[in-house]
$ cat protein25.cif   # mmCIF, C-alpha atoms
data_entry
loop_
_atom_site.label_atom_id
_atom_site.label_comp_id
_atom_site.auth_asym_id
_atom_site.auth_seq_id
_atom_site.Cartn_x
_atom_site.Cartn_y
_atom_site.Cartn_z
CA MET A 291 -89.62 -202.01 -193.66
CA THR A 292 -87.56 -201.79 -190.53
CA THR A 293 -87.55 -197.96 -190.67
CA ILE A 294 -91.31 -197.66 -191.18
CA GLU A 295 -92.39 -199.92 -188.28
CA PRO A 296 -90.78 -197.91 -185.43
CA ALA A 297 -92.19 -194.71 -186.94
CA LYS A 298 -95.67 -196.24 -187.07
CA ALA A 299 -95.35 -197.52 -183.51
CA GLU A 300 -94.27 -194.04 -182.38
CA GLN A 301 -97.27 -192.50 -184.10
CA ASP A 302 -99.63 -195.03 -182.48
CA THR A 303 -98.16 -194.28 -179.06
CA ALA A 304 -98.63 -190.55 -179.62
CA GLN A 305 -102.26 -191.09 -180.63
CA GLN A 306 -102.90 -193.31 -177.63
CA SER A 307 -101.45 -190.76 -175.21
CA ALA A 308 -103.78 -188.07 -176.65
CA LEU A 309 -106.81 -190.30 -176.06
CA PRO A 310 -108.36 -190.09 -172.59
CA SER A 311 -107.71 -193.12 -170.41
CA GLN A 312 -109.94 -191.78 -167.63
CA ARG A 313 -113.43 -191.90 -169.16
CA SER A 314 -115.49 -190.61 -166.26
CA THR A 315 -115.54 -187.83 -163.67
CA ALA A 316 -114.98 -190.29 -160.82
CA THR A 317 -111.92 -190.49 -158.60
CA ARG A 318 -111.13 -192.51 -155.51
CA GLY A 319 -112.40 -189.60 -153.41
CA THR A 320 -115.79 -189.38 -155.15
CA ARG A 321 -116.21 -193.15 -154.97
CA THR A 322 -115.57 -193.08 -151.21
CA ILE A 323 -118.01 -190.19 -150.68
CA GLY A 324 -120.57 -191.96 -152.88
CA ILE A 325 -120.36 -195.22 -150.92
CA VAL A 326 -120.62 -193.40 -147.56
CA ALA A 327 -123.60 -191.40 -148.87
CA VAL A 328 -125.41 -194.58 -150.00
CA VAL A 329 -124.79 -196.23 -146.61
CA ALA A 330 -126.06 -193.08 -144.85
CA LEU A 331 -129.17 -193.06 -147.07
CA GLY A 332 -129.74 -196.70 -146.09
CA TRP A 333 -129.54 -195.68 -142.44
CA LEU A 334 -132.02 -192.89 -143.15
CA VAL A 335 -134.54 -195.39 -144.56
CA ALA A 336 -133.99 -197.73 -141.59
CA PHE A 337 -134.43 -194.98 -138.98
CA GLY A 338 -137.04 -192.98 -140.88
CA LEU A 339 -139.34 -195.88 -141.68
CA GLY A 340 -138.42 -198.31 -138.93
CA PHE A 341 -136.69 -197.33 -135.71
CA SER A 342 -138.09 -193.84 -135.09
CA PRO A 343 -141.37 -193.67 -133.17
CA ALA A 344 -144.72 -192.37 -134.41
CA ASP A 345 -145.66 -188.82 -133.42
CA ARG A 346 -148.28 -188.02 -130.76
CA ASP A 347 -150.16 -185.61 -133.08
CA GLN A 348 -149.17 -186.63 -136.61
CA ASP A 349 -148.90 -190.34 -135.99
CA GLU A 350 -147.00 -192.24 -138.75
CA SER A 351 -147.07 -189.37 -141.25
CA VAL A 352 -144.25 -187.72 -139.27
CA ARG A 353 -141.89 -190.13 -141.08
CA ILE A 354 -142.07 -187.87 -144.14
CA LEU A 355 -140.22 -185.27 -142.05
CA TYR A 356 -136.96 -187.25 -142.38
CA VAL A 357 -136.83 -186.68 -146.14
CA HIS A 358 -138.76 -183.39 -146.33
CA VAL A 359 -136.52 -181.38 -143.98
CA PRO A 360 -133.12 -182.66 -145.26
CA THR A 361 -134.08 -181.93 -148.89
CA ILE A 362 -135.00 -178.31 -148.18
CA TRP A 363 -131.89 -177.95 -145.97
CA LEU A 364 -129.84 -179.16 -148.91
CA ALA A 365 -131.57 -176.72 -151.27
CA TYR A 366 -130.81 -173.82 -148.87
CA LEU A 367 -127.18 -174.96 -148.67
CA ALA A 368 -126.95 -175.28 -152.45
CA PHE A 369 -128.33 -171.78 -153.06
CA VAL A 370 -126.02 -170.25 -150.43
CA VAL A 371 -123.07 -171.96 -152.16
CA THR A 372 -124.34 -170.50 -155.46
CA ALA A 373 -124.40 -167.01 -153.93
CA VAL A 374 -120.95 -167.34 -152.31
CA SER A 375 -119.41 -168.74 -155.53
CA SER A 376 -121.06 -165.94 -157.51
CA ALA A 377 -119.57 -163.35 -155.15
CA MET A 378 -116.17 -165.02 -155.41
CA TYR A 379 -116.34 -164.81 -159.19
CA LEU A 380 -117.51 -161.20 -159.26
CA PHE A 381 -115.20 -159.78 -156.61
CA SER A 382 -112.02 -161.83 -157.06
CA LYS A 383 -109.21 -160.42 -159.18
CA LYS A 384 -108.60 -163.69 -161.03
CA LYS A 385 -112.23 -164.11 -162.20
CA SER A 386 -111.88 -167.89 -162.32
CA LEU A 387 -114.65 -169.62 -164.25
CA GLY A 388 -114.36 -172.45 -161.71
CA TRP A 389 -116.42 -170.29 -159.31
CA ASP A 390 -119.05 -169.79 -161.98
CA ARG A 391 -119.27 -173.51 -162.65
CA ALA A 392 -119.56 -174.23 -158.92
CA ALA A 393 -122.41 -171.69 -158.73
CA GLY A 394 -124.19 -173.28 -161.70
CA ALA A 395 -123.77 -176.86 -160.50
CA SER A 396 -124.96 -175.96 -157.01
CA ALA A 397 -128.05 -174.17 -158.33
CA GLU A 398 -128.90 -177.18 -160.50
CA ILE A 399 -128.74 -179.50 -157.48
CA GLY A 400 -130.69 -177.00 -155.38
CA VAL A 401 -133.51 -176.81 -157.93
CA THR A 402 -133.75 -180.63 -158.01
CA PHE A 403 -134.05 -180.74 -154.24
CA VAL A 404 -136.61 -177.91 -154.00
CA ALA A 405 -138.72 -179.83 -156.52
CA VAL A 406 -138.49 -182.91 -154.29
CA THR A 407 -139.36 -180.82 -151.20
CA LEU A 408 -142.45 -179.39 -152.89
CA ALA A 409 -143.65 -182.79 -154.13
CA VAL A 410 -143.02 -184.56 -150.82
CA GLY A 411 -144.52 -181.61 -148.92
CA ALA A 412 -147.67 -181.92 -151.03
CA MET A 413 -147.98 -185.58 -149.96
CA TRP A 414 -147.51 -184.64 -146.32
CA GLY A 415 -150.03 -181.83 -146.73
CA ARG A 416 -152.57 -184.31 -148.07
CA LEU A 417 -152.14 -186.42 -144.93
CA THR A 418 -152.15 -183.61 -142.36
CA TRP A 419 -154.29 -180.84 -143.93
CA GLY A 420 -156.38 -182.94 -146.32
CA VAL A 421 -155.15 -181.06 -149.42
CA PHE A 422 -152.07 -181.31 -151.63
CA TRP A 423 -151.64 -177.56 -152.01
CA GLN A 424 -152.62 -174.33 -150.26
CA TRP A 425 -151.56 -170.81 -151.19
CA ASP A 426 -150.00 -170.60 -147.78
CA ALA A 427 -147.02 -168.28 -147.05
CA ARG A 428 -144.42 -171.07 -146.69
CA LEU A 429 -145.64 -173.04 -149.70
CA THR A 430 -145.95 -169.98 -151.92
CA THR A 431 -142.52 -168.57 -151.04
CA THR A 432 -140.94 -172.01 -151.62
CA ALA A 433 -142.63 -172.23 -155.03
CA LEU A 434 -141.31 -168.72 -155.76
CA LEU A 435 -137.81 -169.86 -154.77
CA PHE A 436 -138.11 -172.80 -157.17
CA VAL A 437 -139.25 -170.59 -160.06
CA THR A 438 -136.49 -168.04 -159.36
CA TYR A 439 -133.74 -170.64 -159.61
CA ILE A 440 -135.32 -172.18 -162.73
CA GLY A 441 -134.93 -168.64 -164.12
CA TYR A 442 -131.32 -168.54 -162.92
CA LEU A 443 -130.58 -171.78 -164.82
CA ALA A 444 -132.34 -170.37 -167.90
CA VAL A 445 -130.18 -167.23 -167.73
CA ARG A 446 -127.07 -169.42 -167.65
CA ARG A 447 -128.15 -170.96 -170.95
CA LEU A 448 -128.48 -167.64 -172.77
CA GLY A 449 -125.91 -167.03 -175.51
CA GLY A 450 -122.58 -165.24 -175.21
CA SER A 451 -119.11 -166.04 -173.98
CA HIS A 452 -118.40 -167.94 -170.76
CA GLU A 453 -117.36 -164.68 -169.09
CA GLN A 454 -120.67 -163.02 -170.06
CA ARG A 455 -122.56 -166.04 -168.71
CA ALA A 456 -120.57 -165.94 -165.48
CA LYS A 457 -121.10 -162.22 -164.94
CA ARG A 458 -124.85 -162.07 -165.50
CA SER A 459 -125.60 -165.28 -163.58
CA ALA A 460 -123.37 -164.17 -160.68
CA VAL A 461 -125.46 -161.01 -160.24
CA LEU A 462 -128.67 -163.05 -160.29
CA GLY A 463 -127.22 -165.69 -157.95
CA MET A 464 -126.41 -163.05 -155.36
CA ILE A 465 -129.85 -161.41 -155.57
CA ALA A 466 -131.86 -164.68 -155.52
CA VAL A 467 -130.35 -165.89 -152.24
CA VAL A 468 -132.30 -163.15 -150.40
CA GLU A 469 -135.36 -165.36 -150.82
CA ILE A 470 -134.03 -168.00 -148.40
CA PRO A 471 -134.67 -166.01 -145.18
CA LEU A 472 -138.00 -165.01 -146.68
CA VAL A 473 -138.94 -168.69 -147.08
CA HIS A 474 -137.56 -169.72 -143.69
CA PHE A 475 -139.21 -166.93 -141.68
CA SER A 476 -142.43 -166.84 -143.73
CA VAL A 477 -144.15 -168.93 -141.04
CA LYS A 478 -143.38 -166.19 -138.50
CA MET A 479 -144.04 -163.20 -140.75
CA TRP A 480 -147.44 -164.35 -141.99
CA ARG A 481 -150.22 -166.55 -140.64
CA SER A 482 -149.39 -170.00 -141.97
CA LEU A 483 -150.76 -173.53 -142.02
CA HIS A 484 -147.20 -174.81 -142.09
CA GLN A 485 -145.65 -175.56 -138.72
CA GLU A 486 -142.81 -173.40 -137.42
CA ALA A 487 -139.21 -174.64 -137.35
CA THR A 488 -138.74 -177.43 -134.80
CA VAL A 489 -134.94 -177.52 -134.84
CA ALA A 490 -133.56 -174.39 -136.54
CA ASN A 491 -135.60 -171.89 -134.53
CA LEU A 492 -134.41 -168.67 -132.97
CA ASP A 493 -135.07 -169.63 -129.32
CA GLY A 494 -132.83 -172.73 -129.67
CA ASP A 495 -135.38 -174.96 -127.95
CA THR A 496 -135.76 -178.28 -129.79
CA LYS A 497 -139.08 -179.96 -129.00
CA MET A 498 -138.34 -183.38 -130.42
CA ASP A 499 -137.87 -186.94 -129.23
CA GLY A 500 -134.22 -188.08 -129.16
CA LEU A 501 -134.60 -190.88 -131.73
CA MET A 502 -136.62 -188.62 -134.01
CA LEU A 503 -133.93 -185.96 -133.83
CA PHE A 504 -131.25 -188.57 -134.54
CA SER A 505 -133.17 -189.84 -137.61
CA LEU A 506 -133.41 -186.27 -138.87
CA PHE A 507 -129.70 -185.79 -138.24
CA VAL A 508 -128.91 -188.96 -140.26
CA GLY A 509 -131.02 -187.55 -143.11
CA VAL A 510 -129.18 -184.21 -143.08
CA ILE A 511 -125.77 -185.94 -143.08
CA ALA A 512 -126.78 -188.37 -145.86
CA PHE A 513 -128.10 -185.64 -148.15
CA THR A 514 -125.13 -183.35 -147.45
CA LEU A 515 -122.74 -186.14 -148.50
CA LEU A 516 -124.84 -186.68 -151.60
CA TYR A 517 -124.62 -182.96 -152.35
CA VAL A 518 -120.80 -183.03 -152.14
CA TRP A 519 -120.68 -186.07 -154.44
CA LEU A 520 -123.01 -184.47 -156.98
CA MET A 521 -121.10 -181.17 -156.85
CA LEU A 522 -117.79 -182.89 -157.64
CA HIS A 523 -119.24 -184.74 -160.61
CA ARG A 524 -121.18 -181.78 -162.03
CA THR A 525 -118.38 -179.22 -161.74
CA ARG A 526 -115.98 -181.62 -163.52
CA SER A 527 -118.51 -182.28 -166.29
CA MET A 528 -119.16 -178.57 -166.69
CA ALA A 529 -115.43 -177.82 -166.93
CA MET A 530 -115.12 -180.31 -169.79
CA GLU A 531 -118.27 -179.01 -171.50
CA ASP A 532 -116.83 -175.47 -171.38
CA LEU A 533 -113.53 -176.72 -172.80
CA LEU A 534 -115.24 -178.52 -175.69
CA GLU A 535 -117.39 -175.46 -176.41
CA GLU A 536 -114.29 -173.27 -176.56
CA ARG A 537 -112.55 -175.73 -178.88
CA GLY A 538 -115.63 -175.93 -181.13
CA LEU A 539 -115.72 -172.13 -181.32
CA ASP A 540 -111.99 -171.92 -182.10
CA GLU A 541 -112.36 -174.52 -184.87
CA ALA A 542 -115.38 -172.73 -186.36
CA LEU A 543 -113.45 -169.43 -186.32
CA ALA A 544 -110.46 -171.07 -188.02
CA VAL A 545 -112.72 -172.48 -190.78
CA ARG A 546 -114.37 -169.09 -191.32
CA ARG A 547 -110.98 -167.33 -191.48
CA ALA A 548 -109.70 -169.90 -194.01
CA GLU A 549 -112.82 -169.38 -196.13
CA ALA A 550 -112.40 -165.60 -195.99
CA ALA A 551 -108.70 -165.90 -196.95
CA GLU A 552 -109.57 -168.18 -199.91
CA THR A 553 -112.21 -165.71 -201.13
CA ALA A 554 -109.76 -162.81 -200.84
CA THR A 555 -107.06 -164.74 -202.77
CA ALA A 556 -109.52 -165.70 -205.52
CA ALA A 557 -110.69 -162.07 -205.86
CA THR A 558 -107.14 -160.69 -206.25
CA SER A 559 -105.97 -163.42 -208.71
CA ALA A 560 -109.05 -163.26 -211.01
CA PRO A 561 -108.65 -161.27 -214.34
CA PRO A 562 -110.32 -157.83 -214.09
CA THR A 563 -112.64 -158.49 -217.07
CA ALA A 564 -115.52 -156.27 -215.94
CA THR A 565 -113.25 -153.21 -215.51
CA MET A 566 -111.63 -153.67 -218.92
CA LYS A 567 -115.02 -153.99 -220.60
CA THR A 568 -116.28 -150.84 -218.89
CA GLY A 569 -113.10 -149.04 -219.93
CA SER A 570 -113.47 -150.01 -223.61
CA ASP A 571 -117.12 -148.93 -223.66
CA SER A 572 -116.32 -145.47 -222.45
CA MET B 296 -148.71 -198.29 -140.73
CA ASP B 297 -151.43 -195.75 -141.55
CA ASP B 298 -151.26 -193.81 -144.80
CA ALA B 299 -148.43 -196.07 -145.93
CA GLY B 300 -148.98 -195.19 -149.59
CA PHE B 301 -148.14 -191.53 -149.09
CA ILE B 302 -145.27 -192.21 -146.71
CA LEU B 303 -143.59 -194.85 -148.87
CA GLY B 304 -144.43 -192.80 -151.95
CA SER B 305 -142.62 -189.77 -150.53
CA TYR B 306 -139.49 -191.86 -149.87
CA PHE B 307 -139.71 -193.46 -153.30
CA LEU B 308 -140.16 -190.08 -155.00
CA THR B 309 -137.17 -188.61 -153.15
CA PHE B 310 -134.80 -191.50 -153.89
CA ALA B 311 -135.99 -191.96 -157.48
CA THR B 312 -135.45 -188.27 -158.28
CA VAL B 313 -132.03 -188.21 -156.65
CA ALA B 314 -131.01 -191.45 -158.42
CA LEU B 315 -132.18 -190.10 -161.77
CA TYR B 316 -130.28 -186.84 -161.32
CA ALA B 317 -127.15 -188.68 -160.14
CA TRP B 318 -127.33 -191.06 -163.11
CA ARG B 319 -127.64 -188.12 -165.53
CA ALA B 320 -124.69 -186.35 -163.87
CA VAL B 321 -122.46 -189.42 -164.15
CA ARG B 322 -123.58 -190.20 -167.72
CA SER B 323 -122.95 -186.65 -168.98
CA GLY B 324 -119.53 -186.76 -167.29
CA ARG B 325 -118.66 -190.02 -169.06
CA LYS B 326 -119.86 -188.66 -172.39
CA VAL B 327 -117.70 -185.53 -172.36
CA SER B 328 -114.79 -187.32 -170.70
CA GLN B 329 -114.22 -189.38 -173.83
CA GLN B 330 -113.56 -186.24 -175.88
CA VAL B 331 -111.15 -184.56 -173.48
CA PRO B 332 -107.53 -185.71 -173.03
CA ASP B 333 -106.41 -186.59 -169.50
CA ASP B 334 -104.01 -183.64 -169.17
CA GLU B 335 -107.01 -181.27 -169.43
CA LYS B 336 -108.76 -182.93 -166.48
CA TYR B 337 -107.71 -180.93 -163.44
CA TRP B 338 -108.91 -183.57 -160.96
CA LEU B 339 -106.53 -186.29 -162.19
#

$ encode --input "protein25.cif" --output "structure tokens"
Amino acid sequence: MTTIEPAKAEQDTAQQSALPSQRSTATRGTRTIGIVAVVALGWLVAFGLGFSPADRDQDESVRILYVHVPTIWLAYLAFVVTAVSSAMYLFSKKKSLGWDRAAGASAEIGVTFVAVTLAVGAMWGRLTWGVFWQWDARLTTTALLFVTYIGYLAVRRLGGSHEQRAKRSAVLGMIAVVEIPLVHFSVKMWRSLHQEATVANLDGDTKMDGLMLFSLFVGVIAFTLLYVWLMLHRTRSMAMEDLLEERGLDEALAVRRAEAAETATAATSAPPTATMKTGSDS
Amino acid sequence: MDDAGFILGSYFLTFATVALYAWRAVRSGRKVSQQVPDDEKYWL
């Protein structure tokens, strides 16, 4: 009895150490970023809906600007990160799948934010132009950007090894980013209903009230913090998903090999009855 | 506030979408985290 109990206790301890004690992707760092992001989003609501003044031309509808512009800024940032991570994967010697996961996570966040931009933009369009949608240059190129990155995410889900996924999506991630200048400068290249850039314009002249500009700045900061928080969580999740997929594949291969070995053993140990019969007939 | 429905709706839509995506990201992380031992988690 006394010899069994320590052995059992040792086994239990070994099992407990194999079990994960950390059952989330959160760390102290992500919690801090998350709290700061939520506070910043609160400030955005306060400034966007309360403190900032109404516009001379657009009146109260200008308040949509404080969520519309930061969301598309975030989408641009996310797609640039996708392209840079893709290039890092393709051109680095190590070919770390971490770059591929960063590219995938960033594209996922970018797609979510382009969807928000399009939906919120449609609401603003209804207020300022009287319609939810127009086949205008800016709107059409943004919709094209959205569809392209939906395609990118679909390509990531095609079959094959993680390396194959990384390679093909990296090529696509680097090509798709070319659309961003096309979207941004579409209002200059074609005749457009959409207004030109108020802040990020080439002449550097910002025609905006100070409090309005500050509200917009709060929005950009808040959504950028949110992006960092989401990136950390998604890349960690994706790393674990990849690990579990690899393990599942290894286990399936081991089962198949064991089955094949069993079949081979059974075939060699079985009595050669058919051959003997054939031999006696002839 | 004129056109309050569209303005508040745009804020609600933005925050609801972001909250939903964030919730899904955290939930999927928790789900897979239970199947992976701590020494495989590079961020710990």

$ resolve_selection --input "protein25.cif" --expression "the PyMOL selection byres ((chain B) within 8 of (chain A))" --output "ChimeraX atom specification"
/B:296-298,301-302,305-306,308-309,312-313,316-317,320-321,323-333,336,338-339

$ atom_distance --input "protein25.cif" --atom1 "atom CA of Leu483 of chain A" --atom2 "atom CA of Thr438 of chain A"
23.1 Å

$ resolve_selection --input "protein25.cif" --expression "the PyMOL selection byres ((chain A and resi 333) around 12)" --output "ChimeraX atom specification"
/A:326-332,334-342,356,504-513

$ atom_distance --input "protein25.cif" --atom1 "atom CA of Lys385 of chain A" --atom2 "atom CA of Arg446 of chain A"
16.7 Å

$ atom_distance --input "protein25.cif" --atom1 "atom CA of Glu536 of chain A" --atom2 "atom CA of Gly449 of chain A"
13.2 Å

$ residues_around --input "protein25.cif" --residues "Gln424 of chain A" --least-positions-apart "2" --cutoff "10 Å" --atoms "all atoms listed in the file" --output "PDB file with C-alpha atoms, keeping the file's coordinate frame"
ATOM      1  CA  ALA A 412    -147.670-181.920-151.030  1.00  0.00           C
ATOM      2  CA  GLY A 415    -150.030-181.830-146.730  1.00  0.00           C
ATOM      3  CA  TRP A 419    -154.290-180.840-143.930  1.00  0.00           C
ATOM      4  CA  VAL A 421    -155.150-181.060-149.420  1.00  0.00           C
ATOM      5  CA  PHE A 422    -152.070-181.310-151.630  1.00  0.00           C
ATOM      6  CA  ASP A 426    -150.000-170.600-147.780  1.00  0.00           C
ATOM      7  CA  ALA A 427    -147.020-168.280-147.050  1.00  0.00           C
ATOM      8  CA  ARG A 428    -144.420-171.070-146.690  1.00  0.00           C
ATOM      9  CA  LEU A 429    -145.640-173.040-149.700  1.00  0.00           C
ATOM     10  CA  THR A 430    -145.950-169.980-151.920  1.00  0.00           C
ATOM     11  CA  SER A 482    -149.390-170.000-141.970  1.00  0.00           C
ATOM     12  CA  LEU A 483    -150.760-173.530-142.020  1.00  0.00           C
ATOM     13  CA  HIS A 484    -147.200-174.810-142.090  1.00  0.00           C
TER      14      HIS A 484
END

$ residues_around --input "protein25.cif" --residues "Val370 of chain A" --least-positions-apart "5" --cutoff "10 Å" --atoms "all atoms listed in the file" --output "PyMOL selection string"
chain A and resi 364-365+375-376+393+396-397+400+463-464+466-468+470

$ closest_residue --input "protein25.cif" --among "A:His474, A:Ile465, A:Met479, A:Asp532" --to "His452 of chain A" --atoms "only C-alpha atoms"
A:Asp532

$ decode --input "protein25.cif" --residues "chain B" --atoms "C-alpha atoms" --output "short mmCIF file (atom, residue, chain, number, x, y, z; two decimals), in the first residue's frame"
data_model
loop_
_atom_site.label_atom_id
_atom_site.label_comp_id
_atom_site.auth_asym_id
_atom_site.auth_seq_id
_atom_site.Cartn_x
_atom_site.Cartn_y
_atom_site.Cartn_z
CA MET B 296 -29.55 65.95 -32.96
CA ASP B 297 -30.69 65.55 -36.57
CA ASP B 298 -30.57 62.14 -38.21
CA ALA B 299 -29.79 60.60 -34.82
CA GLY B 300 -30.91 57.14 -35.94
CA PHE B 301 -28.21 56.88 -38.61
CA ILE B 302 -25.52 58.46 -36.47
CA LEU B 303 -26.17 56.32 -33.38
CA GLY B 304 -26.75 53.32 -35.64
CA SER B 305 -23.32 53.75 -37.23
CA TYR B 306 -21.65 53.83 -33.80
CA PHE B 307 -23.69 50.84 -32.63
CA LEU B 308 -22.86 48.87 -35.78
CA THR B 309 -19.14 49.61 -35.42
CA PHE B 310 -18.92 48.67 -31.74
CA ALA B 311 -21.21 45.65 -32.05
CA THR B 312 -19.15 44.21 -34.93
CA VAL B 313 -15.87 44.82 -33.15
CA ALA B 314 -17.23 43.32 -29.89
CA LEU B 315 -18.51 40.26 -31.74
CA TYR B 316 -15.19 39.71 -33.50
CA ALA B 317 -13.23 40.23 -30.26
CA TRP B 318 -15.49 37.80 -28.40
CA ARG B 319 -15.00 35.17 -31.13
CA ALA B 320 -11.22 35.69 -31.04
CA VAL B 321 -11.06 35.25 -27.26
CA ARG B 322 -13.45 32.27 -27.27
CA SER B 323 -11.53 30.40 -29.99
CA GLY B 324 -8.31 31.08 -28.06
CA ARG B 325 -9.81 29.63 -24.87
CA LYS B 326 -11.10 26.59 -26.74
CA VAL B 327 -7.77 25.59 -28.26
CA SER B 328 -5.81 26.63 -25.17
CA GLN B 329 -7.36 23.79 -23.19
CA GLN B 330 -5.86 21.21 -25.57
CA VAL B 331 -2.33 22.61 -25.67
CA PRO B 332 0.14 22.21 -22.78
CA ASP B 333 1.67 25.39 -21.35
CA ASP B 334 5.20 24.63 -22.60
CA GLU B 335 3.91 24.86 -26.20
CA LYS B 336 2.56 28.39 -25.63
CA TYR B 337 5.35 30.71 -26.71
CA TRP B 338 3.81 33.77 -25.03
CA LEU B 339 3.96 32.34 -21.50
#
